[in-house]
Amino acid sequence: MCAKKVVFSGIQPTGNIHLGNYLGAVKNWVDMQDAYDNIFCVVNSHAITIKQDPKELMQKTIDLACMLIACGIDPMKSSLFIQSEIDYHPALAWILDCNIFMGDMTRMTQFKDKSKKNPKNINVGLFNYPALMAADILLYQVDLVPVGSDQKQHIELTRNVAMKFNRDFGECFKIPEPLIIKEGARVMGLDDPLIKMSKSATGKNHAIFLLDEPDVILTKIKKATTDSNSSIVFDENRPGIYNLLCIYEVLSGKDRTSIEDEFSTKGYGVFKNALADIVIDRLKPIQERYRQLKSDEKYIKEILQNGANAVLPRARDTYNKAKDLIGLL
Ligand code: TYM
């Protein structure tokens with residue numbers, strides 16, 4: 001029997017997890033659990049590239065793990081762990097740092113975006129962020145990395161540094177492929193459909209968070225920016241309604257033609273109510289499970305410990321191989 005392909009992905013415990021994270025990444029992780037050998041990581045070391053309150057960061061790290069399990073990550077099918085529990089991540093990142101050219105790192109668009117958003121804290125970690133991300137992936141000899149489309153460039157860099165290292169020093173890393181599911185790959189802000197939905201945007205109606213109450217979800221969707229046209233069709237040139245329709249498409253599982261038919265004689269108001277219903281229905285069981293799990297932090301910590309124990313030998317093997325190949329004692 002063929003061994004299952006290895007899947008790795010990560011999410012930062014910054015801000016609150018939102019519908020973009022869910023539709024672009026977490027939902028796909030859950031959906032593909034049976035088919036792959038899965039490793040998921042709460043990347044708390046990445047989070048400190050932006051200033052964090054230390055106590056809050058610790059709590060958010062556990063809360064996010066709790067949310068991932070509430071969303072359906074099954075500890076019997078997937079290893080879930082906290083990045084900072086495995087020291088090989090920053091150790092390999094250093095080796096990779098020494099094999100990435102400044103020019104390649106300087107091209108990373110997320111660094112430019114984040115620097116603009118945090119002009120008083122443009123630190124070296126923020127610049128080197130993609131090397132740590134590459135280490136996360138390469139340590140586990142990964143086949144596939146399921147992410148939203150915003151991470152594509154980082155995975156391209158990961159592939160390039162892995163190929164360069166293998167070429168220069170000998171076979172060490174498996175070359176991973178990004179897995180970007182078109183539907184949900186880029187959920188846009190509700191208040192501004194020209195920018196990606198993000199944890200850090202400040203607009204009150206920008207994002208739907210997974211823990212939002214039903215009335216809050218309804219209000220946010222009702223206030224979502226659309227346009228003065230009233231036809232309900234998938235048209236990328238009308239980014240507001242297009243974004244809402246894409247969310248509806250992923251959550252309903254219906255195809256575009258039947259969605260357009262369903263709402264062809266109805267206005268934005270009816271469509272927005274239907275969208276709110278479907279979002280609320282999807283989030284309700286997740287929220288209930290989250291609340292149950294939150295009351296048992298010991299159980300969450302146990303899952304995380306088991307996850308770290310399960311993946312540690314793979315990380316150690318890859319790191320030792322890289323260290324040896326590059327001539328470090
Ligand atoms: P992060 O924490 O920003 O986001 C987690 C996942 O959610 C996806 N995502 C979105 N998808 C669709 N629409 C959106 N508006 C949206 N916003 C976020 C992201 O693409 C991501 O898949 N650098 C990564 C974390 C990371 C990582 C890794 C990922 C660190 N090491 C190794 C994969 C493999 C990040 O900041 O994700």
# chains A, B, ... in the order shown; residues from 1 in each chain; ligands from 1
>>> closest_atom_pairs(of="chain A", to="ligand 1", cutoff="7 Å", atoms="only C-alpha atoms and all ligand atoms", output="JSON lines")
{"residue": "A:Phe8", "atom": "CA", "partner": "ligand 1", "partner_atom_place_in_ligand_line": "34 (C)", "distance": 6.1}
{"residue": "A:Ser9", "atom": "CA", "partner": "ligand 1", "partner_atom_place_in_ligand_line": "33 (C)", "distance": 3.9}
{"residue": "A:Gly10", "atom": "CA", "partner": "ligand 1", "partner_atom_place_in_ligand_line": "27 (C)", "distance": 3.9}
{"residue": "A:Ile11", "atom": "CA", "partner": "ligand 1", "partner_atom_place_in_ligand_line": "2 (O)", "distance": 3.7}
{"residue": "A:Gln12", "atom": "CA", "partner": "ligand 1", "partner_atom_place_in_ligand_line": "2 (O)", "distance": 3.8}
{"residue": "A:Pro13", "atom": "CA", "partner": "ligand 1", "partner_atom_place_in_ligand_line": "2 (O)", "distance": 6.8}
{"residue": "A:Gly20", "atom": "CA", "partner": "ligand 1", "partner_atom_place_in_ligand_line": "14 (C)", "distance": 3.7}
{"residue": "A:Asn21", "atom": "CA", "partner": "ligand 1", "partner_atom_place_in_ligand_line": "7 (O)", "distance": 3.6}
{"residue": "A:Tyr22", "atom": "CA", "partner": "ligand 1", "partner_atom_place_in_ligand_line": "7 (O)", "distance": 6.7}
{"residue": "A:Leu23", "atom": "CA", "partner": "ligand 1", "partner_atom_place_in_ligand_line": "12 (C)", "distance": 6.1}
{"residue": "A:Gly24", "atom": "CA", "partner": "ligand 1", "partner_atom_place_in_ligand_line": "11 (N)", "distance": 3.4}
{"residue": "A:Ala25", "atom": "CA", "partner": "ligand 1", "partner_atom_place_in_ligand_line": "22 (O)", "distance": 4.7}
{"residue": "A:Val43", "atom": "CA", "partner": "ligand 1", "partner_atom_place_in_ligand_line": "30 (C)", "distance": 5.6}
{"residue": "A:His46", "atom": "CA", "partner": "ligand 1", "partner_atom_place_in_ligand_line": "30 (C)", "distance": 6.5}
{"residue": "A:Leu132", "atom": "CA", "partner": "ligand 1", "partner_atom_place_in_ligand_line": "31 (N)", "distance": 6.9}
{"residue": "A:Met133", "atom": "CA", "partner": "ligand 1", "partner_atom_place_in_ligand_line": "31 (N)", "distance": 3.9}
{"residue": "A:Ala134", "atom": "CA", "partner": "ligand 1", "partner_atom_place_in_ligand_line": "32 (C)", "distance": 6.7}
{"residue": "A:Asp136", "atom": "CA", "partner": "ligand 1", "partner_atom_place_in_ligand_line": "32 (C)", "distance": 5.4}
{"residue": "A:Ile137", "atom": "CA", "partner": "ligand 1", "partner_atom_place_in_ligand_line": "32 (C)", "distance": 5.4}
{"residue": "A:Val145", "atom": "CA", "partner": "ligand 1", "partner_atom_place_in_ligand_line": "34 (C)", "distance": 6.0}
{"residue": "A:Pro146", "atom": "CA", "partner": "ligand 1", "partner_atom_place_in_ligand_line": "22 (O)", "distance": 6.5}
{"residue": "A:Val147", "atom": "CA", "partner": "ligand 1", "partner_atom_place_in_ligand_line": "22 (O)", "distance": 3.3}
{"residue": "A:Gly148", "atom": "CA", "partner": "ligand 1", "partner_atom_place_in_ligand_line": "20 (O)", "distance": 3.1}
{"residue": "A:Ser149", "atom": "CA", "partner": "ligand 1", "partner_atom_place_in_ligand_line": "20 (O)", "distance": 5.6}
{"residue": "A:Asp150", "atom": "CA", "partner": "ligand 1", "partner_atom_place_in_ligand_line": "20 (O)", "distance": 5.0}
{"residue": "A:Gln151", "atom": "CA", "partner": "ligand 1", "partner_atom_place_in_ligand_line": "20 (O)", "distance": 5.0}
{"residue": "A:Gly184", "atom": "CA", "partner": "ligand 1", "partner_atom_place_in_ligand_line": "12 (C)", "distance": 5.6}
{"residue": "A:Ala185", "atom": "CA", "partner": "ligand 1", "partner_atom_place_in_ligand_line": "12 (C)", "distance": 4.4}
{"residue": "A:Arg186", "atom": "CA", "partner": "ligand 1", "partner_atom_place_in_ligand_line": "13 (N)", "distance": 3.5}
{"residue": "A:Val187", "atom": "CA", "partner": "ligand 1", "partner_atom_place_in_ligand_line": "13 (N)", "distance": 3.7}
{"residue": "A:Met188", "atom": "CA", "partner": "ligand 1", "partner_atom_place_in_ligand_line": "15 (N)", "distance": 5.4}
{"residue": "A:Lys196", "atom": "CA", "partner": "ligand 1", "partner_atom_place_in_ligand_line": "15 (N)", "distance": 4.6}
{"residue": "A:Met197", "atom": "CA", "partner": "ligand 1", "partner_atom_place_in_ligand_line": "15 (N)", "distance": 3.9}
{"residue": "A:Ser198", "atom": "CA", "partner": "ligand 1", "partner_atom_place_in_ligand_line": "17 (N)", "distance": 5.4}
>>> select_by_dssp(residues="segment 120-328 of chain A", states="alpha helix (DSSP H)", output="PyMOL selection string")
chain A and resi 124-138+152-169+214-223+239-252+256-263+268-294+297-326
>>> select_by_dssp(residues="segment 159-238 of chain A", states="strand (DSSP E or B)", output="MDAnalysis selection string")
chainID A and resid 177:179 188 196 209
>>> residues_around(residues="Ile326 of chain A", least_positions_apart="2", cutoff="10 Å", atoms="only C-alpha atoms", output="list in words")
Ile95, Phe165, Asp168, Phe169, Gly170, Asn320, Lys321, Ala322, Lys323, Asp324, Leu328 and Leu329 of chain A
>>> residues_around(residues="Phe127 of chain A", least_positions_apart="2", cutoff="10 Å", atoms="only C-alpha atoms", output="NGL selection string")
:A and (49 or 102 or 105-106 or 108 or 110-112 or 114-115 or 122-125 or 129-131)
>>> closest_residue(among="A:His89, A:Lys182, A:Arg289, A:Lys55", to="Ile73 of chain A", atoms="only C-alpha atoms")
A:Arg289
>>> closest_residue(among="A:Leu157, A:Ile241, A:Ile247, A:Ile221", to="Leu194 of chain A", atoms="only C-alpha atoms")
A:Ile241
>>> residues_around(residues="Ile39 of chain A", least_positions_apart="4", cutoff="8 Å", atoms="only C-alpha atoms", output="PyMOL selection string")
chain A and resi 6-9+78-80+311
>>> closest_residue(among="A:Ala135, A:Asp37, A:Leu218, A:Phe263", to="Gln83 of chain A", atoms="only C-alpha atoms")
A:Ala135
>>> closest_residue(among="A:Leu304, A:Ala3, A:Met76, A:Met163", to="Gln33 of chain A", atoms="only C-alpha atoms")
A:Met76
>>> atom_distance(atom1="atom CA of Leu312 of chain A", atom2="atom CA of Asp143 of chain A")
17.8 Å
>>> residues_around(residues="Leu251 of chain A", least_positions_apart="2", cutoff="8 Å", atoms="only C-alpha atoms", output="compact mmCIF listing (two decimals) with N, CA, C and O atoms, in the first residue's frame")
# COMPACT_ATOMS: atom_id res chain seq x y z
N ILE A 247 -18.65 33.37 -1.02
CA ILE A 247 -18.80 32.79 0.33
C ILE A 247 -20.00 31.84 0.33
O ILE A 247 -19.93 30.72 0.84
N TYR A 248 -21.08 32.29 -0.30
CA TYR A 248 -22.30 31.47 -0.37
C TYR A 248 -22.01 30.17 -1.13
O TYR A 248 -22.43 29.09 -0.73
N GLU A 249 -21.26 30.31 -2.21
CA GLU A 249 -20.94 29.15 -3.05
C GLU A 249 -20.20 28.06 -2.23
O GLU A 249 -20.58 26.90 -2.25
N GLY A 253 -22.23 24.70 -1.16
CA GLY A 253 -21.83 23.58 -2.02
C GLY A 253 -22.59 23.58 -3.35
O GLY A 253 -22.48 22.64 -4.13
N ILE A 278 -26.84 30.91 6.27
CA ILE A 278 -25.93 29.80 5.99
C ILE A 278 -24.63 29.92 6.80
O ILE A 278 -24.08 28.94 7.29
N VAL A 279 -24.18 31.17 6.98
CA VAL A 279 -22.96 31.39 7.78
C VAL A 279 -23.25 31.04 9.24
O VAL A 279 -22.49 30.32 9.91
N ARG A 282 -23.49 27.32 9.79
CA ARG A 282 -22.20 26.64 9.74
C ARG A 282 -21.40 26.89 11.03
O ARG A 282 -20.73 26.00 11.54
>>> closest_residue(among="A:Asp191, A:Glu183, A:Asn128, A:Leu68", to="Gly203 of chain A", atoms="only C-alpha atoms")
A:Asp191
>>> closest_residue(among="A:Ala70, A:Ile175, A:Leu190, A:Leu92", to="Val30 of chain A", atoms="only C-alpha atoms")
A:Ala70
>>> residues_around(residues="segment 211-216 of chain A", least_positions_apart="2", cutoff="8 Å", atoms="only C-alpha atoms", output="PyMOL selection string")
chain A and resi 208-209+218-220+280+283+287
>>> write_last_selection(atoms="N, CA, C and O atoms", output="PDB file, in the first residue's frame")
ATOM      1  N   ILE A 208     -15.957  38.615   9.416  1.00  0.00           N
ATOM      2  CA  ILE A 208     -16.821  37.792  10.270  1.00  0.00           C
ATOM      3  C   ILE A 208     -15.893  36.864  11.039  1.00  0.00           C
ATOM      4  O   ILE A 208     -15.133  36.098  10.435  1.00  0.00           O
ATOM      5  N   PHE A 209     -15.924  36.993  12.353  1.00  0.00           N
ATOM      6  CA  PHE A 209     -15.091  36.114  13.178  1.00  0.00           C
ATOM      7  C   PHE A 209     -15.871  34.856  13.518  1.00  0.00           C
ATOM      8  O   PHE A 209     -17.107  34.893  13.637  1.00  0.00           O
ATOM      9  N   LEU A 218     -25.380  38.768  11.122  1.00  0.00           N
ATOM     10  CA  LEU A 218     -26.432  39.314  10.261  1.00  0.00           C
ATOM     11  C   LEU A 218     -26.177  40.796   9.975  1.00  0.00           C
ATOM     12  O   LEU A 218     -26.243  41.241   8.821  1.00  0.00           O
ATOM     13  N   THR A 219     -25.851  41.546  11.026  1.00  0.00           N
ATOM     14  CA  THR A 219     -25.597  42.982  10.829  1.00  0.00           C
ATOM     15  C   THR A 219     -24.423  43.200   9.871  1.00  0.00           C
ATOM     16  O   THR A 219     -24.497  44.029   8.963  1.00  0.00           O
ATOM     17  N   LYS A 220     -23.337  42.452  10.086  1.00  0.00           N
ATOM     18  CA  LYS A 220     -22.156  42.654   9.237  1.00  0.00           C
ATOM     19  C   LYS A 220     -22.483  42.355   7.770  1.00  0.00           C
ATOM     20  O   LYS A 220     -22.065  43.077   6.872  1.00  0.00           O
ATOM     21  N   ILE A 280     -24.393  31.526   9.731  1.00  0.00           N
ATOM     22  CA  ILE A 280     -24.760  31.270  11.139  1.00  0.00           C
ATOM     23  C   ILE A 280     -24.900  29.761  11.383  1.00  0.00           C
ATOM     24  O   ILE A 280     -24.386  29.228  12.366  1.00  0.00           O
ATOM     25  N   LEU A 283     -21.507  28.122  11.548  1.00  0.00           N
ATOM     26  CA  LEU A 283     -20.669  28.451  12.705  1.00  0.00           C
ATOM     27  C   LEU A 283     -21.245  27.965  14.033  1.00  0.00           C
ATOM     28  O   LEU A 283     -20.507  27.762  14.993  1.00  0.00           O
ATOM     29  N   GLN A 287     -19.083  26.906  17.264  1.00  0.00           N
ATOM     30  CA  GLN A 287     -19.071  27.742  18.465  1.00  0.00           C
ATOM     31  C   GLN A 287     -19.423  26.915  19.705  1.00  0.00           C
ATOM     32  O   GLN A 287     -18.815  27.066  20.764  1.00  0.00           O
TER      33      GLN A 287
END
>>> closest_atom_pairs(of="segment 2-96 of chain A", to="segment 291-301 of chain A", cutoff="12 Å", atoms="only C-alpha atoms", output="Markdown table")
| residue | atom | partner | partner_atom | distance |
| --- | --- | --- | --- | --- |
| A:Met58 | CA | A:Lys301 | CA | 11.9 |
| A:Gln59 | CA | A:Glu297 | CA | 10.3 |
| A:Lys60 | CA | A:Lys294 | CA | 11.6 |
| A:Thr61 | CA | A:Lys301 | CA | 10.6 |
| A:Ile62 | CA | A:Ile300 | CA | 7.4 |
| A:Asp63 | CA | A:Lys294 | CA | 7.3 |
| A:Leu64 | CA | A:Ile300 | CA | 10.3 |
| A:Ala65 | CA | A:Ile300 | CA | 7.3 |
| A:Cys66 | CA | A:Ile300 | CA | 6.4 |
| A:Met67 | CA | A:Leu293 | CA | 8.5 |
| A:Leu68 | CA | A:Ile300 | CA | 10.5 |
| A:Ile69 | CA | A:Leu293 | CA | 8.4 |
| A:Ala70 | CA | A:Leu293 | CA | 7.5 |
| A:Cys71 | CA | A:Leu293 | CA | 11.3 |
| A:Ile73 | CA | A:Ile300 | CA | 12.0 |
| A:Asp74 | CA | A:Ile300 | CA | 11.7 |
| A:Pro75 | CA | A:Ile300 | CA | 9.9 |
| A:Leu80 | CA | A:Ile300 | CA | 9.9 |
| A:Phe81 | CA | A:Lys301 | CA | 9.2 |
| A:Ile82 | CA | A:Lys301 | CA | 9.8 |
| A:Glu85 | CA | A:Lys301 | CA | 11.7 |
>>> write_last_selection(atoms="N, CA and C atoms", output="mmCIF file, in the first residue's frame")
data_model
loop_
_atom_site.group_PDB
_atom_site.id
_atom_site.type_symbol
_atom_site.label_atom_id
_atom_site.label_comp_id
_atom_site.auth_asym_id
_atom_site.auth_seq_id
_atom_site.Cartn_x
_atom_site.Cartn_y
_atom_site.Cartn_z
ATOM 1 N N MET A 58 0.048 33.796 24.869
ATOM 2 C CA MET A 58 -0.033 32.405 25.370
ATOM 3 C C MET A 58 -1.481 31.929 25.332
ATOM 4 N N GLN A 59 -2.391 32.780 25.790
ATOM 5 C CA GLN A 59 -3.799 32.368 25.824
ATOM 6 C C GLN A 59 -4.348 32.182 24.411
ATOM 7 N N LYS A 60 -3.973 33.129 23.529
ATOM 8 C CA LYS A 60 -4.497 33.042 22.155
ATOM 9 C C LYS A 60 -3.998 31.787 21.443
ATOM 10 N N THR A 61 -2.803 31.368 21.802
ATOM 11 C CA THR A 61 -2.225 30.171 21.181
ATOM 12 C C THR A 61 -3.075 28.941 21.544
ATOM 13 N N ILE A 62 -3.400 28.843 22.821
ATOM 14 C CA ILE A 62 -4.231 27.702 23.266
ATOM 15 C C ILE A 62 -5.643 27.834 22.683
ATOM 16 N N ASP A 63 -6.175 29.067 22.708
ATOM 17 C CA ASP A 63 -7.542 29.271 22.201
ATOM 18 C C ASP A 63 -7.637 28.900 20.716
ATOM 19 N N LEU A 64 -6.586 29.229 19.957
ATOM 20 C CA LEU A 64 -6.637 28.912 18.525
ATOM 21 C C LEU A 64 -6.597 27.400 18.308
ATOM 22 N N ALA A 65 -5.756 26.727 19.110
ATOM 23 C CA ALA A 65 -5.715 25.258 18.997
ATOM 24 C C ALA A 65 -7.103 24.698 19.288
ATOM 25 N N CYS A 66 -7.725 25.255 20.313
ATOM 26 C CA CYS A 66 -9.072 24.838 20.709
ATOM 27 C C CYS A 66 -10.055 25.070 19.550
ATOM 28 N N MET A 67 -9.921 26.200 18.885
ATOM 29 C CA MET A 67 -10.815 26.521 17.761
ATOM 30 C C MET A 67 -10.584 25.570 16.584
ATOM 31 N N LEU A 68 -9.326 25.212 16.339
ATOM 32 C CA LEU A 68 -9.055 24.300 15.217
ATOM 33 C C LEU A 68 -9.715 22.942 15.465
ATOM 34 N N ILE A 69 -9.687 22.511 16.722
ATOM 35 C CA ILE A 69 -10.334 21.226 17.051
ATOM 36 C C ILE A 69 -11.851 21.389 16.928
ATOM 37 N N ALA A 70 -12.345 22.547 17.385
ATOM 38 C CA ALA A 70 -13.791 22.799 17.266
ATOM 39 C C ALA A 70 -14.222 22.806 15.792
ATOM 40 N N CYS A 71 -13.353 23.279 14.926
ATOM 41 C CA CYS A 71 -13.673 23.315 13.481
ATOM 42 C C CYS A 71 -13.651 21.923 12.865
ATOM 43 N N ILE A 73 -10.632 19.625 13.255
ATOM 44 C CA ILE A 73 -9.335 18.938 13.228
ATOM 45 C C ILE A 73 -9.398 17.829 14.283
ATOM 46 N N ASP A 74 -9.188 16.603 13.805
ATOM 47 C CA ASP A 74 -9.376 15.438 14.665
ATOM 48 C C ASP A 74 -8.000 14.916 15.094
ATOM 49 N N PRO A 75 -7.704 14.974 16.386
ATOM 50 C CA PRO A 75 -6.378 14.549 16.860
ATOM 51 C C PRO A 75 -6.051 13.084 16.534
ATOM 52 N N LEU A 80 -1.535 17.972 15.774
ATOM 53 C CA LEU A 80 -1.672 19.422 15.966
ATOM 54 C C LEU A 80 -0.684 19.816 17.055
ATOM 55 N N PHE A 81 0.143 20.822 16.768
ATOM 56 C CA PHE A 81 1.131 21.210 17.788
ATOM 57 C C PHE A 81 1.445 22.695 17.700
ATOM 58 N N ILE A 82 2.175 23.160 18.723
ATOM 59 C CA ILE A 82 2.571 24.573 18.811
ATOM 60 C C ILE A 82 4.010 24.707 18.311
ATOM 61 N N GLU A 85 7.202 24.735 20.481
ATOM 62 C CA GLU A 85 7.537 23.527 21.244
ATOM 63 C C GLU A 85 8.655 22.737 20.559
#
